[in-house]
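Just below is one structure, and these are the notes that go with it.
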2 protein chains.
Amino acid sequence: MNGRFSVTYHVRSDTAGIEARARGIAVEQSVEMPIEAIDDDAVLSDIVGSVEAIDPVGDGVFAVRIGLAIDTVGDDAGQFMNMLFGNTSLQDDVVLWDVDMPAVFAGPARGLAALRSRLSVTGRAFTGSALKPQGMPVEKMAALAERFALGGLDFIKDDHGLADQRYSPAAERIPAVAAAVARASRTTGHMTRYIPSLSGDLDSMRGQLRLAVDCGLDCAMLAPMIAGVSALVRLRREFPDVVLFAHPALGGAARIAPELLLGKLLPAFGAGGAIFPSFGGRFGYSPDTCRRLAANARGYDALPIPAGGMTLARTAEILDFYGPDTMLLIGGNLLMARERITEEAERFARAVADHPHG
Amino acid sequence: MNGRFSVTYHVRSDTAGIEARARGIAVEQSVEMPIEAIDDDAVLSDIVGSVEAIDPVGDGVFAVRIGLAIDTVGDDAGQFMNMLFGNTSLQDDVVLWDVDMPAVFAGPARGLAALRSRLSVTGRAFTGSALKPQGMPVEKMAALAERFALGGLDFIKDDHGLADQRYSPAAERIPAVAAAVARASRTTGHMTRYIPSLSGDLDSMRGQLRLAVDCGLDCAMLAPMIAGVSALVRLRREFPDVVLFAHPALGGAARIAPELLLGKLLPAFGAGGAIFPSFGGRFGYSPDTCRRLAANARGYDALPIPAGGMTLARTAEILDFYGPDTMLLIGGNLLMARERITEEAERFARAVADHPHG
């Protein structure tokens with residue numbers, strides 16, 4: 001018996017019903033059967049979830065803290081997600097709000113600190129942009145990457161829509177873009193990092209990542225809510241020198257608090273960079289959610305990466321809000337410059353470098 | 001250029017804003033950048049999503065049909081989920097409602113028809129129960145399975161909470177339960193199937209499934225929304241004789257219509273059995289949702305499996321509703337019988353066998 005970890009749910013309920021509802025969640029997320037049918041004393045004492053606290057948080061919502069047995073998790077991130085929210089995700093009065101993380105998920109092998117040291121970037125935020133649109137052939141994608149990199153950006157990532165498509169197969173795209181970025185980096189003297197997007201099942205992602213490492217890359221991105229969080233843990237273990245960036249795709253986060261899912265869980269499983277839709281863009285997260293999400297990520301030495309409709313005009317505002325331990329990811333807005341992309345990327349890099357950080 | 005497939009979203013909007021919002025989704029789910037920054041004609045004509053229809057469905061909600069390029073998917077189920085709902089899952093005014101499935105995802109290798117033939121069960125629904133609570137040692141779990149099987153049930157599945165825990169490691173549980181169920185089957189003469197739950201990453205699930213096959217099993221369960229849908233596709237390809245059952249765990253957090261996610265997408269990716277929380281139990285799906293979900297699953301030769309708080313007392317009602325091409329999964333309610341579990345399982349099997357199907 002290893003003890004318990006605490007999970008907090010936000011539950012819509014009236015005051016009269018909340019205690020029974022809380023017990024219901026504790027049972028659903030542990031033994032998932034009527035307690036009175038259990039005849040094993042060890043299960044009753046060690047495994048059945050316990051209600052640790054119930055606190056009203058206003059508007060007919062209660063914060064319910066449940067203690068779950070660490071032994072139920074084994075050491076698998078997927079099973080951890082299952083214990084946190086497997087069945088309860090199907091009940092729409094409950095939001096998974098927060099978790100006191102058990103020590104088994106220790107964070108990225110390489111994260112923010114490694115990025116600062118590898119890129120020799122100190123005292124300022126990182127800059128990044130994205131390769132899109134998907135549908136372009138490999139040569140065009142590589143040429144775009146080169147023009148971005150000539151502007152002196154720190155990171156150029158694949159759009160998360162780039163997978164293994166016939167118009168741009170991963171096996172051709174990764175080496176071509178890596179070579180283009182390396183060429184530009186030799187010109188600028190700044191070692192811009194290319195972050196390829198991994199797709200498919202574990203075998204496929206593993207093959208793409210091996211290819212990336214063979215091309216001299218030390219960063220890669222995956223979407224753990226599509227790929228499965230266990231795949232993230234496995235890649236972290238097999239490629240400890242690679243900084244893994246988590247993309248939020250399919251992370252819905254409607255009923256899992258984004259600051260928990262994107263800011264805490266994915267970094268704990270091994271993401272050294274946490275991409276998330278920032279307030280003020282095309283997505284609906286509030287400034288408070290974004291601030292907490294970024295703070296959670298940094299707590300795991302993971303780089304917070306606000307994205308999703310960021311613009312060059314907002315650079316100062318975003319940097320003031322997030323501070324230097326951040327990557328600013330501006331995609332579509334830079335692409336608007338079309339033939340002047342290198343100059344626009346330069347302007348972006350300069351704006352970040354010149355921003356006073358108090 | 002292979003043409004397009006259509007995706008329908010339900011979007012909350014006022015009438016004045018819906019056209020722009022629909023175009024926004026078409027862009028977000030395809031090129032994810034400003035159209036005016038795209039200088040590639042092929043991308044503009046072949047890749048950018050197109051708004052095919054907008055129809056009000058009442059209560060300030062519109063059905064928006066978007067055409068997406070089949071080429072963007074490659075043949076990966078994860079990338080398909082990404083194209084369907086990757087970024088838009090993060091926008092809370094949109095529900096992924098339905099998809100005209102492209103032919104690349106062809107359904108299970110073995111499903112309902114194989115189960116009918118293997119178990120020699122015709123003209124009636126299947127019966128199943130679940131091994132729980134987790135926390136019990138392997139011998140106790142095997143003994144429980146044997147008592148269930150002696151009652152003549154068709155299927156005994158692992159609870160989805162059973163993973164690879166120290167109190168019941170998969171490598172010990174699978175052979176022990178398989179042997180216990182086989183022993184009982186020799187006594188009853190009815191070849192009850194044990195459905196082990198697979199957990200962990202692809203390597204881990206693959207190892208567990210290989211072990212299961214070595215133990216003579218031909219069924220297994222996984223939770224594709226935790227494991228990653230690409231892993232389901234891979235296991236389907238590598239183990240074409242195994243009927244794969246999809247558990248809905250973590251499937252509720254995203255705003256995807258259950259009849260689509262559990263009834264259509266997971267079967268299309270390879271699930272031959274689709275477990276879902278039925279109306280009238282502990283979960284909130286409506287009878288209409290459940291009926292559509294079951295019909296969708298059968299369209300892929302997948303067995304619909306209503307569960308989540310089913311009881312013996314409701315057998316007739318549930319059978320009348322779902323008809324014979326169904327597995328009735330009664331877990332906790334059977335376990336309430338404690339030392340009389342075999343008799344209760346017999347009563348359940350008899351009730352289903354005796355039910356008149358029109």
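Letters A, B, ... go to the chains of the structure tokens in the order shown; residues in each chain start at 1; ligands are counted from 1 in the same order.
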### Message
Need the shell around Ser230 of chain A: protein/DNA/RNA residues with any atom at most 9 Å away, counting only C-alpha atoms. Skip same-chain ones fewer than 4 positions apart. Format as a list in words?
### Response
Asp76, Ala77, Gly78, Gln79, Pro224, Arg234, Leu235 and Phe269 of chain A; Gly200, Asp201, Leu202, Ile226, Ala227 and Gly228 of chain B
Print the selection's residues with C-alpha atoms to a file, as a compact mmCIF listing (two decimals), in the first residue's frame.
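The resulting file, selection.txt, is shown below:
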```txt
# COMPACT_ATOMS: atom_id res chain seq x y z
CA ASP A 76 1.19 4.00 -16.82
CA ALA A 77 0.08 7.49 -17.81
CA GLY A 78 -2.93 6.12 -19.72
CA GLN A 79 -4.14 4.24 -16.66
CA PRO A 224 -0.73 13.40 -26.75
CA ARG A 234 7.53 5.98 -23.90
CA LEU A 235 9.14 8.49 -26.28
CA PHE A 269 4.21 12.86 -18.55
CA GLY B 200 -0.23 0.95 -21.55
CA ASP B 201 1.37 2.04 -24.80
CA LEU B 202 1.31 0.13 -28.08
CA ILE B 226 -6.81 6.78 -23.82
CA ALA B 227 -4.64 4.46 -25.91
CA GLY B 228 -4.87 6.51 -29.10
```
### Message
as a VMD selection string, please: every residue in segment 9-195 of chain A that a backbone DSSP assignment puts in strand (DSSP E).
### Response
chain A and resid 9 to 12 50 to 58 61 to 69 94 to 99 126 to 131 155 to 158 193 to 195
Using 7 Å as the limit and counting only C-alpha atoms, can you tabulate each residue of chain B that touches chain A, with its shortest atom-to-atom distance in Å and the two atoms involved, as JSON lines?
```
{"residue": "B:Val31", "atom": "CA", "partner": "A:Pro133", "partner_atom": "CA", "distance": 4.8}
{"residue": "B:Met33", "atom": "CA", "partner": "A:Gly332", "partner_atom": "CA", "distance": 4.7}
{"residue": "B:Pro34", "atom": "CA", "partner": "A:Gly332", "partner_atom": "CA", "distance": 6.0}
{"residue": "B:Ala37", "atom": "CA", "partner": "A:Met336", "partner_atom": "CA", "distance": 4.6}
{"residue": "B:Val43", "atom": "CA", "partner": "A:Gly135", "partner_atom": "CA", "distance": 5.5}
{"residue": "B:Ile47", "atom": "CA", "partner": "A:Gly135", "partner_atom": "CA", "distance": 6.1}
{"residue": "B:Asp71", "atom": "CA", "partner": "A:Gln165", "partner_atom": "CA", "distance": 6.6}
{"residue": "B:Thr72", "atom": "CA", "partner": "A:Gln165", "partner_atom": "CA", "distance": 6.2}
{"residue": "B:Val73", "atom": "CA", "partner": "A:Gln165", "partner_atom": "CA", "distance": 6.8}
{"residue": "B:Gly74", "atom": "CA", "partner": "A:Gln165", "partner_atom": "CA", "distance": 4.8}
{"residue": "B:Asp76", "atom": "CA", "partner": "A:Gly200", "partner_atom": "CA", "distance": 5.8}
{"residue": "B:Gly78", "atom": "CA", "partner": "A:Ile226", "partner_atom": "CA", "distance": 5.7}
{"residue": "B:Gln79", "atom": "CA", "partner": "A:Ala163", "partner_atom": "CA", "distance": 6.8}
{"residue": "B:Asn82", "atom": "CA", "partner": "A:Ala249", "partner_atom": "CA", "distance": 6.6}
{"residue": "B:Phe85", "atom": "CA", "partner": "A:Leu250", "partner_atom": "CA", "distance": 6.1}
{"residue": "B:Gly86", "atom": "CA", "partner": "A:Ala249", "partner_atom": "CA", "distance": 4.1}
{"residue": "B:Asn87", "atom": "CA", "partner": "A:Ala249", "partner_atom": "CA", "distance": 5.2}
{"residue": "B:Ser89", "atom": "CA", "partner": "A:Gly252", "partner_atom": "CA", "distance": 4.3}
{"residue": "B:Leu90", "atom": "CA", "partner": "A:Gly252", "partner_atom": "CA", "distance": 4.6}
{"residue": "B:Gln91", "atom": "CA", "partner": "A:Phe283", "partner_atom": "CA", "distance": 5.7}
{"residue": "B:Asp92", "atom": "CA", "partner": "A:Ala254", "partner_atom": "CA", "distance": 6.8}
{"residue": "B:Lys132", "atom": "CA", "partner": "A:Val31", "partner_atom": "CA", "distance": 6.8}
{"residue": "B:Pro133", "atom": "CA", "partner": "A:Val31", "partner_atom": "CA", "distance": 4.8}
{"residue": "B:Gln134", "atom": "CA", "partner": "A:Val31", "partner_atom": "CA", "distance": 5.9}
{"residue": "B:Gly135", "atom": "CA", "partner": "A:Val43", "partner_atom": "CA", "distance": 5.4}
{"residue": "B:Met136", "atom": "CA", "partner": "A:Val43", "partner_atom": "CA", "distance": 6.7}
{"residue": "B:Ala163", "atom": "CA", "partner": "A:Gln79", "partner_atom": "CA", "distance": 6.8}
{"residue": "B:Asp164", "atom": "CA", "partner": "A:Gly74", "partner_atom": "CA", "distance": 6.1}
{"residue": "B:Gln165", "atom": "CA", "partner": "A:Gly74", "partner_atom": "CA", "distance": 4.8}
{"residue": "B:Arg166", "atom": "CA", "partner": "A:Gly74", "partner_atom": "CA", "distance": 6.8}
{"residue": "B:Gly200", "atom": "CA", "partner": "A:Asp76", "partner_atom": "CA", "distance": 5.8}
{"residue": "B:Asp201", "atom": "CA", "partner": "A:Ser230", "partner_atom": "CA", "distance": 5.0}
{"residue": "B:Leu202", "atom": "CA", "partner": "A:Leu202", "partner_atom": "CA", "distance": 6.1}
{"residue": "B:Ile226", "atom": "CA", "partner": "A:Gly228", "partner_atom": "CA", "distance": 5.5}
{"residue": "B:Ala227", "atom": "CA", "partner": "A:Gly228", "partner_atom": "CA", "distance": 4.8}
{"residue": "B:Gly228", "atom": "CA", "partner": "A:Gly228", "partner_atom": "CA", "distance": 4.4}
{"residue": "B:Ser230", "atom": "CA", "partner": "A:Asp201", "partner_atom": "CA", "distance": 4.9}
{"residue": "B:Ala231", "atom": "CA", "partner": "A:Asp201", "partner_atom": "CA", "distance": 5.5}
{"residue": "B:Ala249", "atom": "CA", "partner": "A:Gly86", "partner_atom": "CA", "distance": 4.1}
{"residue": "B:Leu250", "atom": "CA", "partner": "A:Gly86", "partner_atom": "CA", "distance": 4.4}
{"residue": "B:Gly251", "atom": "CA", "partner": "A:Ser89", "partner_atom": "CA", "distance": 6.7}
{"residue": "B:Gly252", "atom": "CA", "partner": "A:Leu90", "partner_atom": "CA", "distance": 4.3}
{"residue": "B:Ala253", "atom": "CA", "partner": "A:Ser89", "partner_atom": "CA", "distance": 5.1}
{"residue": "B:Ala254", "atom": "CA", "partner": "A:Gly252", "partner_atom": "CA", "distance": 4.9}
{"residue": "B:Arg255", "atom": "CA", "partner": "A:Gly252", "partner_atom": "CA", "distance": 6.9}
{"residue": "B:Phe283", "atom": "CA", "partner": "A:Gln91", "partner_atom": "CA", "distance": 5.7}
{"residue": "B:Gly284", "atom": "CA", "partner": "A:Gln91", "partner_atom": "CA", "distance": 6.5}
{"residue": "B:Gly332", "atom": "CA", "partner": "A:Met33", "partner_atom": "CA", "distance": 4.7}
{"residue": "B:Leu335", "atom": "CA", "partner": "A:Ala37", "partner_atom": "CA", "distance": 5.9}
{"residue": "B:Met336", "atom": "CA", "partner": "A:Ala37", "partner_atom": "CA", "distance": 4.6}
{"residue": "B:Arg338", "atom": "CA", "partner": "A:Ala37", "partner_atom": "CA", "distance": 6.3}
```
### Message
Over all C-alpha pairs taken in order, what is the RMSD once chain B has been least-squares superposed onto chain A?
### Response
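0.4 Å is the C-alpha RMSD between the two chains.
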### Task
Could you give me, as a ChimeraX atom specification, the residues within 10 Å of Leu328 of chain B, counting only C-alpha atoms and dropping anything in the same chain fewer than 2 positions from it?
/B:125-129,154-155,275,304-307,310-312,315,318-319,322,324-326,330-331,348-349,352
### Message
Can you pull out every residue from segment 152-348 of chain A that DSSP, working from the backbone, puts in alpha helix (DSSP H), and format the result as a PyMOL selection string?
### Response
chain A and resi 170-188+202-214+224-227+229-238+258-260+266-269+287-299+315-322+332-335+341-348
### Task
Return the single residue from B:Met191, B:Val99, B:Ala212, B:Ala176 that is closest to Glu259 of chain B, with distances computed using only C-alpha atoms.
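Ranked by minimum distance to Glu259 of chain B, first place goes to B:Val99.
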### Message
Quick one: residues within 8 Å of Leu131 of chain A, only C-alpha atoms, excluding same-chain residues fewer than 5 positions away - as a list in words?
### Response
Met141, Leu144, Ala145, Ile156, Lys157, Asp158, Asp159 and Gly331 of chain A
Restricting it to C-alpha atoms, dump the selection as an mmCIF file, in the first residue's frame.
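So again.cif came out as:
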```
data_model
loop_
_atom_site.group_PDB
_atom_site.id
_atom_site.type_symbol
_atom_site.label_atom_id
_atom_site.label_comp_id
_atom_site.auth_asym_id
_atom_site.auth_seq_id
_atom_site.Cartn_x
_atom_site.Cartn_y
_atom_site.Cartn_z
ATOM 1 C CA MET A 141 7.856 23.702 -47.109
ATOM 2 C CA LEU A 144 9.527 28.491 -46.290
ATOM 3 C CA ALA A 145 11.415 27.087 -43.289
ATOM 4 C CA ILE A 156 10.223 26.606 -36.524
ATOM 5 C CA LYS A 157 7.645 23.934 -35.956
ATOM 6 C CA ASP A 158 5.581 21.845 -38.295
ATOM 7 C CA ASP A 159 1.934 22.784 -38.326
ATOM 8 C CA GLY A 331 2.137 31.400 -37.279
#
```
### Task
Find the residues around Phe5 of chain B up to 7 Å (only C-alpha atoms counted), leave out those fewer than 4 positions away in its own chain, and share them as a ChimeraX atom specification.
/B:67-70,100-102
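Near Arg350 of chain B, within 10 Å and counting only C-alpha atoms, sit Thr127, Gly151, Gly152, Leu153, Glu344, Ala345, Glu346, Asp354 and His355 of chain B; same-chain residues fewer than 4 positions away were not included.
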### Spatial neighbours of Leu303 of chain A, max dist 9 Å, only C-alpha atoms, sep filter under 6 positions, as a VMD selection string
chain A and resid 111 to 113 115 245 271 to 275 294 297 325 to 327
Would you mind exporting the chosen residues as a CSV table (one decimal), in the first residue's frame, restricted to N, CA and C atoms?
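Everything below was put into result.csv:
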```csv
chain,number,residue,atom,x,y,z
A,111,GLY,N,13.7,20.1,-20.8
A,111,GLY,CA,12.7,21.1,-20.9
A,111,GLY,C,13.2,22.5,-21.1
A,112,LEU,N,12.7,23.4,-20.4
A,112,LEU,CA,13.0,24.9,-20.5
A,112,LEU,C,14.5,25.1,-20.3
A,113,ALA,N,15.1,24.5,-19.2
A,113,ALA,CA,16.5,24.7,-18.9
A,113,ALA,C,17.4,24.3,-20.1
A,115,LEU,N,16.5,24.0,-23.2
A,115,LEU,CA,16.4,24.9,-24.3
A,115,LEU,C,17.2,26.2,-24.2
A,245,PHE,N,7.5,18.6,-27.5
A,245,PHE,CA,6.5,19.6,-27.3
A,245,PHE,C,5.1,19.0,-27.5
A,271,ALA,N,6.3,16.2,-21.5
A,271,ALA,CA,6.4,17.3,-22.4
A,271,ALA,C,7.3,18.4,-21.9
A,272,GLY,N,8.3,18.8,-22.6
A,272,GLY,CA,9.2,19.9,-22.2
A,272,GLY,C,8.7,21.3,-22.8
A,273,GLY,N,7.7,21.2,-23.6
A,273,GLY,CA,7.1,22.5,-24.1
A,273,GLY,C,5.6,22.2,-24.2
A,274,ALA,N,4.8,23.2,-23.7
A,274,ALA,CA,3.4,23.0,-23.7
A,274,ALA,C,2.7,24.1,-24.5
A,275,ILE,N,2.3,23.7,-25.7
A,275,ILE,CA,1.6,24.7,-26.6
A,275,ILE,C,0.1,24.8,-26.1
A,294,ALA,N,0.5,28.4,-17.6
A,294,ALA,CA,2.0,28.7,-17.8
A,294,ALA,C,2.7,28.4,-16.5
A,297,ALA,N,3.2,24.7,-16.0
A,297,ALA,CA,4.2,24.1,-17.0
A,297,ALA,C,5.6,24.4,-16.5
A,325,ASP,N,10.1,33.5,-19.6
A,325,ASP,CA,10.1,32.0,-19.7
A,325,ASP,C,9.0,31.5,-20.5
A,326,THR,N,9.0,31.8,-21.8
A,326,THR,CA,7.8,31.7,-22.7
A,326,THR,C,8.4,31.5,-24.1
A,327,MET,N,7.7,30.8,-24.9
A,327,MET,CA,7.9,30.9,-26.4
A,327,MET,C,6.7,31.6,-27.0
```
### Query
So what do you get for atom CA of Glu343 of chain A versus atom CA of Val121 of chain A, distance-wise?
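Atom CA of Glu343 of chain A sits 20.8 Å away from atom CA of Val121 of chain A.
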